[in-house]
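A.B. asks: Here you go, upload_21.cif (mmCIF, C-alpha atoms):
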data_query
loop_
_atom_site.label_atom_id
_atom_site.label_comp_id
_atom_site.auth_asym_id
_atom_site.auth_seq_id
_atom_site.Cartn_x
_atom_site.Cartn_y
_atom_site.Cartn_z
CA ILE A 1 68.32 104.41 107.32
CA THR A 2 67.16 103.20 110.72
CA SER A 3 68.52 104.65 113.96
CA SER A 4 70.30 101.34 114.63
CA SER A 5 72.01 101.49 111.23
CA ARG A 6 73.04 105.07 111.87
CA ARG A 7 74.63 104.03 115.19
CA HIS A 8 76.58 101.25 113.47
CA ILE A 9 77.75 103.63 110.73
CA LYS A 10 78.82 106.21 113.30
CA MET A 11 80.70 103.58 115.33
CA ALA A 12 82.46 102.33 112.18
CA SER A 13 83.42 105.87 111.17
CA GLU A 14 84.74 106.72 114.65
CA THR A 15 86.79 103.51 114.66
CA LYS A 16 88.24 104.38 111.25
CA ILE A 17 89.14 107.91 112.39
CA ARG A 18 90.87 106.52 115.50
CA GLU A 19 92.86 104.08 113.35
CA GLU A 20 93.97 106.89 111.01
CA LYS A 21 95.04 109.02 113.98
CA GLU A 22 97.05 106.11 115.39
CA GLU A 23 98.74 105.61 112.00
CA GLU A 24 99.63 109.30 111.82
CA LYS A 25 100.95 109.20 115.39
CA GLU A 26 102.99 106.09 114.56
CA SER A 27 104.52 107.68 111.47
CA SER A 28 105.47 110.83 113.41
CA LEU A 29 107.43 108.79 115.99
CA VAL A 30 109.81 107.10 113.56
CA SER A 31 112.78 109.28 114.48
CA THR A 32 112.27 108.56 118.19
CA LYS A 33 112.01 104.78 117.75
CA VAL A 34 114.85 104.20 115.27
CA PRO A 35 118.28 104.43 116.93
CA LYS A 36 120.68 106.88 115.31
CA ALA A 37 123.27 105.12 113.15
CA ARG A 38 126.79 105.07 114.54
CA PHE A 39 129.44 106.35 112.17
CA ILE A 40 132.56 104.18 112.27
CA GLU A 41 135.36 106.73 112.51
CA ASP A 42 138.23 104.32 113.24
CA VAL A 43 137.65 101.17 111.21
CA GLU A 44 140.79 99.47 112.52
CA LYS A 45 139.66 99.91 116.12
CA TYR A 46 136.08 98.88 115.27
CA MET A 47 137.22 95.63 113.64
CA ARG A 48 139.52 94.78 116.56
CA GLU A 49 136.65 95.17 119.01
CA GLU A 50 134.80 91.94 119.83
CA ASN A 51 137.16 90.08 117.47
CA ARG A 52 135.32 91.40 114.39
CA GLU A 53 138.43 91.13 112.22
CA ASN A 54 138.06 87.34 112.32
CA ALA A 55 134.37 87.54 111.43
CA PHE A 56 134.37 89.88 108.45
CA GLU A 57 131.44 88.24 106.60
CA PRO A 58 129.05 88.36 109.59
CA VAL A 59 130.03 91.97 110.21
CA MET A 60 129.26 92.87 106.58
CA ARG A 61 125.93 91.01 106.72
CA ASP A 62 124.97 92.93 109.86
CA LEU A 63 125.87 96.29 108.30
CA GLN A 64 124.04 95.35 105.09
CA ALA A 65 120.92 94.39 107.07
CA ARG A 66 120.95 97.75 108.89
CA TYR A 67 121.36 99.60 105.62
CA GLU A 68 118.46 97.71 104.01
CA GLN A 69 116.30 98.40 107.07
CA MET A 70 116.91 102.12 106.66
CA LYS A 71 116.15 102.01 102.92
CA ASN A 72 112.88 100.14 103.59
CA LEU A 73 111.91 102.72 106.21
CA GLU A 74 112.80 105.45 103.74
CA ARG A 75 110.48 103.95 101.11
CA VAL A 76 107.61 103.60 103.59
CA THR A 77 108.04 107.16 104.88
CA GLN A 78 108.35 108.54 101.35
CA ASN A 79 105.06 106.83 100.41
CA GLU A 80 103.44 108.34 103.51
CA LYS A 81 104.68 111.78 102.46
CA ILE A 82 103.24 111.28 98.96
CA ARG A 83 99.88 110.21 100.47
CA LEU A 84 99.71 113.30 102.69
CA THR A 85 100.85 115.59 99.88
CA ARG A 86 97.94 114.33 97.74
CA LYS A 87 95.43 114.32 100.59
CA ILE A 88 95.93 117.95 101.65
CA PRO A 89 94.83 119.50 98.30
CA GLU A 90 91.81 117.17 98.25
CA ILE A 91 90.70 118.37 101.69
CA GLU A 92 91.29 122.01 100.71
CA LYS A 93 89.20 121.48 97.56
CA ASN A 94 86.40 119.92 99.62
CA LEU A 95 86.53 122.82 102.09
CA GLU A 96 86.26 125.28 99.22
CA ALA A 97 83.16 123.49 97.92
CA LEU A 98 81.73 123.32 101.43
CA ASN A 99 82.20 127.07 101.94
CA ALA A 100 80.36 127.69 98.66
CA LEU A 101 77.48 125.45 99.82
CA ASP A 102 77.41 127.25 103.18
CA ALA A 103 77.20 130.63 101.45
CA ASN A 104 74.35 129.36 99.26
CA HIS A 105 72.57 127.95 102.30
CA THR A 106 72.80 131.32 104.04
CA ARG A 107 71.48 133.06 100.92
CA ARG A 108 68.65 130.52 100.74
CA GLN A 109 67.57 131.34 104.29
CA GLU A 110 67.56 135.05 103.48
CA GLU A 111 65.48 134.40 100.36
CA GLU A 112 62.95 132.39 102.36
CA GLU A 113 62.44 135.39 104.61
CA GLU A 114 61.85 137.50 101.52
CA LYS A 115 59.68 134.73 100.01
CA THR A 116 61.89 134.42 96.94
CA THR A 117 63.78 131.18 96.38
CA THR A 118 66.47 130.07 93.95
CA THR A 119 68.28 126.76 93.61
CA THR A 120 71.99 126.09 93.95
CA LYS A 121 73.51 124.93 90.69
CA LEU A 122 76.58 122.75 90.76
CA LYS A 123 78.50 120.10 88.92
CA TYR A 124 79.48 116.80 90.49
CA GLN A 125 81.94 114.19 89.34
CA LEU A 126 80.67 110.80 88.16
CA GLY A 127 82.99 108.23 89.70
CA GLU A 128 86.72 108.44 89.06
CA ALA A 129 86.30 109.47 85.43
CA SER A 130 86.66 113.12 84.44
CA ILE A 131 82.96 113.34 83.67
CA TYR A 132 80.69 115.81 85.43
CA ALA A 133 76.92 116.22 85.61
CA LYS A 134 74.80 119.24 86.54
CA ALA A 135 72.56 119.33 89.59
CA ASP A 136 70.13 121.80 91.18
CA ILE A 137 69.94 121.76 94.99
CA GLU A 138 67.09 123.50 96.74
CA ASP A 139 68.67 123.86 100.19
CA PRO A 140 72.25 122.62 100.64
CA SER A 141 72.09 122.29 104.43
CA LYS A 142 73.74 118.86 104.71
CA VAL A 143 76.52 116.92 102.98
CA PHE A 144 77.85 113.36 102.93
CA LEU A 145 81.52 112.78 103.64
CA TRP A 146 83.55 109.68 102.85
CA LEU A 147 85.28 108.50 106.02
CA GLY A 148 87.11 105.52 104.52
CA ALA A 149 86.40 101.78 104.78
CA ASN A 150 83.43 102.30 102.41
CA VAL A 151 81.71 104.43 105.05
CA MET A 152 79.85 107.64 104.16
CA LEU A 153 78.14 109.74 106.83
CA GLU A 154 75.76 112.68 106.64
CA TYR A 155 76.84 115.89 108.38
CA PRO A 156 75.32 119.35 108.78
CA LEU A 157 77.43 121.93 106.97
CA ALA A 158 78.94 123.36 110.15
CA GLU A 159 79.99 119.93 111.48
CA ALA A 160 81.36 118.87 108.12
CA LYS A 161 83.41 122.06 107.90
CA GLN A 162 84.77 121.53 111.40
CA LEU A 163 85.69 117.91 110.61
CA LEU A 164 87.49 118.83 107.37
CA GLU A 165 89.36 121.70 109.03
CA THR A 166 90.51 119.34 111.79
CA ASN A 167 91.60 116.73 109.24
CA LEU A 168 93.46 119.39 107.25
CA GLU A 169 95.29 120.60 110.34
CA ASN A 170 96.23 117.03 111.32
CA CYS A 171 97.47 116.26 107.80
CA LYS A 172 99.67 119.35 107.75
CA LYS A 173 101.15 118.46 111.14
CA SER A 174 101.72 114.88 109.99
CA LEU A 175 103.42 116.12 106.82
CA ILE A 176 105.83 118.26 108.85
CA ALA A 177 106.59 115.30 111.13
CA THR A 178 107.01 112.97 108.14
CA ASP A 179 109.46 115.39 106.52
CA GLY A 180 111.53 115.32 109.71
CA ASP A 181 111.39 111.52 109.87
CA LEU A 182 112.41 111.24 106.22
CA ALA A 183 115.43 113.50 106.70
CA PHE A 184 116.47 111.51 109.80
CA ILE A 185 116.12 108.17 107.99
CA LYS A 186 118.04 109.39 104.93
CA ASP A 187 120.90 110.54 107.16
CA ASN A 188 120.96 107.14 108.85
CA ALA A 189 120.91 105.32 105.51
CA THR A 190 123.84 107.42 104.26
CA ILE A 191 125.83 106.67 107.41
CA GLN A 192 125.18 102.94 107.06
CA GLU A 193 126.16 103.04 103.38
CA VAL A 194 129.43 104.81 104.22
CA ASN A 195 130.12 102.30 107.02
CA LEU A 196 129.65 99.45 104.55
CA ALA A 197 132.11 100.99 102.10
CA ARG A 198 134.71 101.73 104.80
CA VAL A 199 134.63 98.22 106.27
CA TYR A 200 134.78 96.67 102.79
CA ASN A 201 137.76 98.85 101.87
CA TRP A 202 139.43 97.86 105.15
CA ASP A 203 139.16 94.21 104.14
CA VAL A 204 140.49 94.90 100.63
CA LYS A 205 143.48 96.73 102.11
CA ARG A 206 144.09 93.89 104.56
CA ARG A 207 144.03 91.30 101.78
CA MET A 208 146.37 93.32 99.58
CA GLU A 209 148.83 93.72 102.44
CA GLY A 210 148.73 89.97 102.98
CA VAL A 211 149.47 89.31 99.30
CA LEU A 212 152.34 91.81 99.24
CA LYS A 213 153.83 90.29 102.36
CA LYS A 214 153.82 86.84 100.76
CA ASP A 215 155.49 88.20 97.61
CA GLU A 216 158.37 89.89 99.47
CA PRO A 217 161.78 88.59 98.15
CA ARG A 218 163.70 86.18 100.38
CA ASP A 219 167.39 85.11 100.36
CA VAL A 220 168.61 81.57 99.98
CA ALA A 221 168.11 80.79 103.67
CA GLY A 222 164.51 81.96 103.43
CA ILE A 223 165.15 85.11 105.43
CA GLU A 224 163.44 88.25 104.23
CA ARG A 225 165.75 90.92 102.83
#
In structure tokens, write the structure found in this file.
C.D. replies:
Amino acid sequence: ITSSSRRHIKMASETKIREEKEEEKESSLVSTKVPKARFIEDVEKYMREENRENAFEPVMRDLQARYEQMKNLERVTQNEKIRLTRKIPEIEKNLEALNALDANHTRRQEEEEEKTTTTTKLKYQLGEASIYAKADIEDPSKVFLWLGANVMLEYPLAEAKQLLETNLENCKKSLIATDGDLAFIKDNATIQEVNLARVYNWDVKRRMEGVLKKDEPRDVAGIER
């Protein structure tokens, strides 16, 4: 790979890392951007405000839209939690392999001083299938890491370990923040669902009272008894 190609690869990888950090930052700010749902304690008072009692259907559509917004946010945040939950064990597994390579590299250096050398034996996965092949590595001093966007970059063992440890720490922080966001969104969704039911029941009660009032018995002169 030419030096120019390496620069382009490095720029692409740095851009990808910045985008991932922005996404993690965005997901951790959900609870600060989404306004807390207002629980309607007094439905009668709420419906009298701004003449809502004469606009029941628009009020229900508005409450339904807010509820659906919360459920959509819940799905997105839940998917983000699943992604982080899967990503953390992968990074930990890679760190474990990297530590083994680092130990073998250190042993290799000691053997060179003693003028006795051995190879590092390992198994690597072939694609996404559960098929592994054996390999002998003379001096595992460098590794290639996938950075996303079909970008793979070569790192010395120490730099690769530092990068993975940083990514692991960021993922754990993002998972904690995502858990908080998910709890906040679920609470909001529950409040909106309860509001929907309370306003709907208010309308049912109002309609029933109207029907009963019409069915009240009257005397001959049409005066209510």
A.B. asks: Which residues fall under the PyMOL selection byres ((chain A and resi 145) around 10) in this file, as a list of chain:residue names?
C.D. replies: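 When the PyMOL selection byres ((chain A and resi 145) around 10) is applied to the shown file, the picked residues are A:Asn94, A:Lys142, A:Val143, A:Phe144, A:Trp146, A:Leu147, A:Gly148, A:Val151, A:Met152, A:Leu153, A:Glu154, A:Tyr155, A:Ala160, A:Leu163, A:Leu164.
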A.B. asks: For segment 195-205 of chain A, please output as an MDAnalysis selection string all residues within 12 Å (counting all atoms listed in the file; exclusion window: fewer than 3 positions along the same chain).
C.D. replies: chainID A and resid 37:48 52:68 188:192 208:212
A.B. asks: Record the distance separating atom CA of Glu193 of chain A and atom CA of Thr85 of chain A, expressed in Å with one decimal.
C.D. replies: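 Straight-line distance from atom CA of Glu193 of chain A to atom CA of Thr85 of chain A works out to 28.5 Å.
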A.B. asks: For the atom pair atom CA of His105 of chain A and atom CA of Pro140 of chain A, what is the interatomic distance in Å to one decimal place?
C.D. replies: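 Distance between the two atoms: 5.6 Å.
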A.B. asks: Kindly give the distance, in Å, that separates atom CA of Ile82 of chain A and atom CA of Leu175 of chain A, rounded to a single decimal.
C.D. replies: 9.2 Å
A.B. asks: Run the PyMOL selection byres ((chain A and resi 122) around 9) mentally over the shown coordinates, then write out the matched residues as JSON, numbers by chain, using the chain letters and numbers from the document.
C.D. replies: {"A": [120, 121, 123, 124, 133, 134, 135, 136, 137]}
A.B. asks: Give the answer as one residue: which of A:Val194, A:Leu95, A:Ala177, A:Ala100 has the shortest atom-to-atom distance to Glu159 of chain A, using all atoms listed in the file?
C.D. replies: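 Selected residue with least distance to Glu159 of chain A: A:Leu95.
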A.B. asks: Point out the residue among A:Glu138, A:Glu49, A:Glu165, A:Glu80 with the least atom-to-atom distance to Glu92 of chain A, counting only C-alpha atoms.
C.D. replies: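 The answer is A:Glu165, which sits nearest to Glu92 of chain A.
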A.B. asks: Taking all atoms listed in the file into account, name the residue in A:Gln69, A:Gly127, A:Ser141, A:Arg83 that is nearest to Leu101 of chain A.
C.D. replies: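 Going through A:Gln69, A:Gly127, A:Ser141, A:Arg83 one by one, the smallest distance to Leu101 of chain A is for A:Ser141.
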A.B. asks: Restricting the calculation to all atoms listed in the file: of A:Ile88, A:Leu157, A:Val34, A:Cys171, which residue gets closest to Asp102 of chain A?
C.D. replies: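 Closest to Asp102 of chain A of all the choices is A:Leu157.
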A.B. asks: Check the smallest atom-to-atom distance from each of A:Lys36, A:Thr77, A:Met70, A:Thr106 to Ala158 of chain A using all atoms listed in the file, then report the winner.
C.D. replies: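 Nearest to Ala158 of chain A: A:Thr106.
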A.B. asks: Written as a ChimeraX atom specification, what is the full residue list that the PyMOL selection byres ((chain A and resi 182) around 12) yields on the file shown?
C.D. replies: /A:27-31,34,70-82,174-181,183-189
A.B. asks: Can you sort out segment 123-149 of chain A so it carries N, CA, C and O atoms, written as a CSV table (one decimal), in the frame of the given file?
C.D. replies:
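The resulting file, out_3.csv, is shown below:
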chain,number,residue,atom,x,y,z
A,123,LYS,N,78.1,121.3,89.7
A,123,LYS,CA,78.5,120.1,88.9
A,123,LYS,C,79.2,119.1,89.8
A,123,LYS,O,80.0,119.5,90.7
A,124,TYR,N,78.9,117.8,89.7
A,124,TYR,CA,79.5,116.8,90.5
A,124,TYR,C,80.1,115.7,89.6
A,124,TYR,O,79.7,115.5,88.5
A,125,GLN,N,81.2,115.2,90.1
A,125,GLN,CA,81.9,114.2,89.3
A,125,GLN,C,81.3,112.8,89.4
A,125,GLN,O,80.8,112.4,90.4
A,126,LEU,N,81.2,112.1,88.2
A,126,LEU,CA,80.7,110.8,88.2
A,126,LEU,C,81.8,109.8,88.3
A,126,LEU,O,82.5,109.5,87.3
A,127,GLY,N,82.0,109.2,89.5
A,127,GLY,CA,83.0,108.2,89.7
A,127,GLY,C,84.4,108.8,89.6
A,127,GLY,O,84.6,110.0,89.8
A,128,GLU,N,85.3,108.0,89.2
A,128,GLU,CA,86.7,108.4,89.1
A,128,GLU,C,87.0,109.0,87.7
A,128,GLU,O,88.1,109.6,87.5
A,129,ALA,N,86.1,108.9,86.8
A,129,ALA,CA,86.3,109.5,85.4
A,129,ALA,C,86.1,111.0,85.5
A,129,ALA,O,85.5,111.5,86.4
A,130,SER,N,86.7,111.7,84.5
A,130,SER,CA,86.7,113.1,84.4
A,130,SER,C,85.4,113.5,83.7
A,130,SER,O,85.4,114.3,82.7
A,131,ILE,N,84.3,113.0,84.2
A,131,ILE,CA,83.0,113.3,83.7
A,131,ILE,C,82.1,114.0,84.8
A,131,ILE,O,82.0,113.4,85.9
A,132,TYR,N,81.5,115.1,84.4
A,132,TYR,CA,80.7,115.8,85.4
A,132,TYR,C,79.3,116.0,84.9
A,132,TYR,O,79.0,116.0,83.7
A,133,ALA,N,78.3,116.0,85.9
A,133,ALA,CA,76.9,116.2,85.6
A,133,ALA,C,76.4,117.4,86.4
A,133,ALA,O,77.0,117.8,87.4
A,134,LYS,N,75.4,118.1,85.9
A,134,LYS,CA,74.8,119.2,86.5
A,134,LYS,C,73.7,118.8,87.5
A,134,LYS,O,73.0,117.8,87.3
A,135,ALA,N,73.6,119.6,88.6
A,135,ALA,CA,72.6,119.3,89.6
A,135,ALA,C,72.0,120.6,90.2
A,135,ALA,O,72.8,121.6,90.3
A,136,ASP,N,70.7,120.7,90.5
A,136,ASP,CA,70.1,121.8,91.2
A,136,ASP,C,69.7,121.4,92.6
A,136,ASP,O,69.0,120.4,92.8
A,137,ILE,N,70.2,122.1,93.6
A,137,ILE,CA,69.9,121.8,95.0
A,137,ILE,C,69.1,122.9,95.6
A,137,ILE,O,69.5,124.1,95.5
A,138,GLU,N,68.0,122.5,96.2
A,138,GLU,CA,67.1,123.5,96.7
A,138,GLU,C,67.7,124.1,98.0
A,138,GLU,O,67.7,125.4,98.1
A,139,ASP,N,68.1,123.3,98.9
A,139,ASP,CA,68.7,123.9,100.2
A,139,ASP,C,69.9,123.0,100.6
A,139,ASP,O,69.7,122.0,101.3
A,140,PRO,N,71.1,123.4,100.3
A,140,PRO,CA,72.2,122.6,100.6
A,140,PRO,C,72.6,122.8,102.1
A,140,PRO,O,73.5,123.5,102.5
A,141,SER,N,71.9,122.1,103.0
A,141,SER,CA,72.1,122.3,104.4
A,141,SER,C,72.9,121.1,105.0
A,141,SER,O,73.4,121.2,106.1
A,142,LYS,N,73.0,120.0,104.2
A,142,LYS,CA,73.7,118.9,104.7
A,142,LYS,C,74.6,118.3,103.6
A,142,LYS,O,74.3,118.5,102.4
A,143,VAL,N,75.7,117.6,104.0
A,143,VAL,CA,76.5,116.9,103.0
A,143,VAL,C,76.9,115.5,103.5
A,143,VAL,O,76.8,115.2,104.7
A,144,PHE,N,77.3,114.7,102.6
A,144,PHE,CA,77.8,113.4,102.9
A,144,PHE,C,79.4,113.4,102.7
A,144,PHE,O,79.9,113.8,101.7
A,145,LEU,N,80.1,112.8,103.7
A,145,LEU,CA,81.5,112.8,103.6
A,145,LEU,C,82.0,111.3,103.7
A,145,LEU,O,81.5,110.5,104.5
A,146,TRP,N,82.9,111.0,102.8
A,146,TRP,CA,83.6,109.7,102.8
A,146,TRP,C,84.5,109.6,104.0
A,146,TRP,O,85.4,110.5,104.2
A,147,LEU,N,84.4,108.6,104.9
A,147,LEU,CA,85.3,108.5,106.0
A,147,LEU,C,86.3,107.3,105.9
A,147,LEU,O,87.0,107.0,106.8
A,148,GLY,N,86.3,106.7,104.7
A,148,GLY,CA,87.1,105.5,104.5
A,148,GLY,C,86.4,104.2,104.9
A,148,GLY,O,85.3,104.2,105.5
A,149,ALA,N,87.0,103.1,104.5
A,149,ALA,CA,86.4,101.8,104.8
A,149,ALA,C,85.0,101.7,104.2
A,149,ALA,O,84.1,101.1,104.8
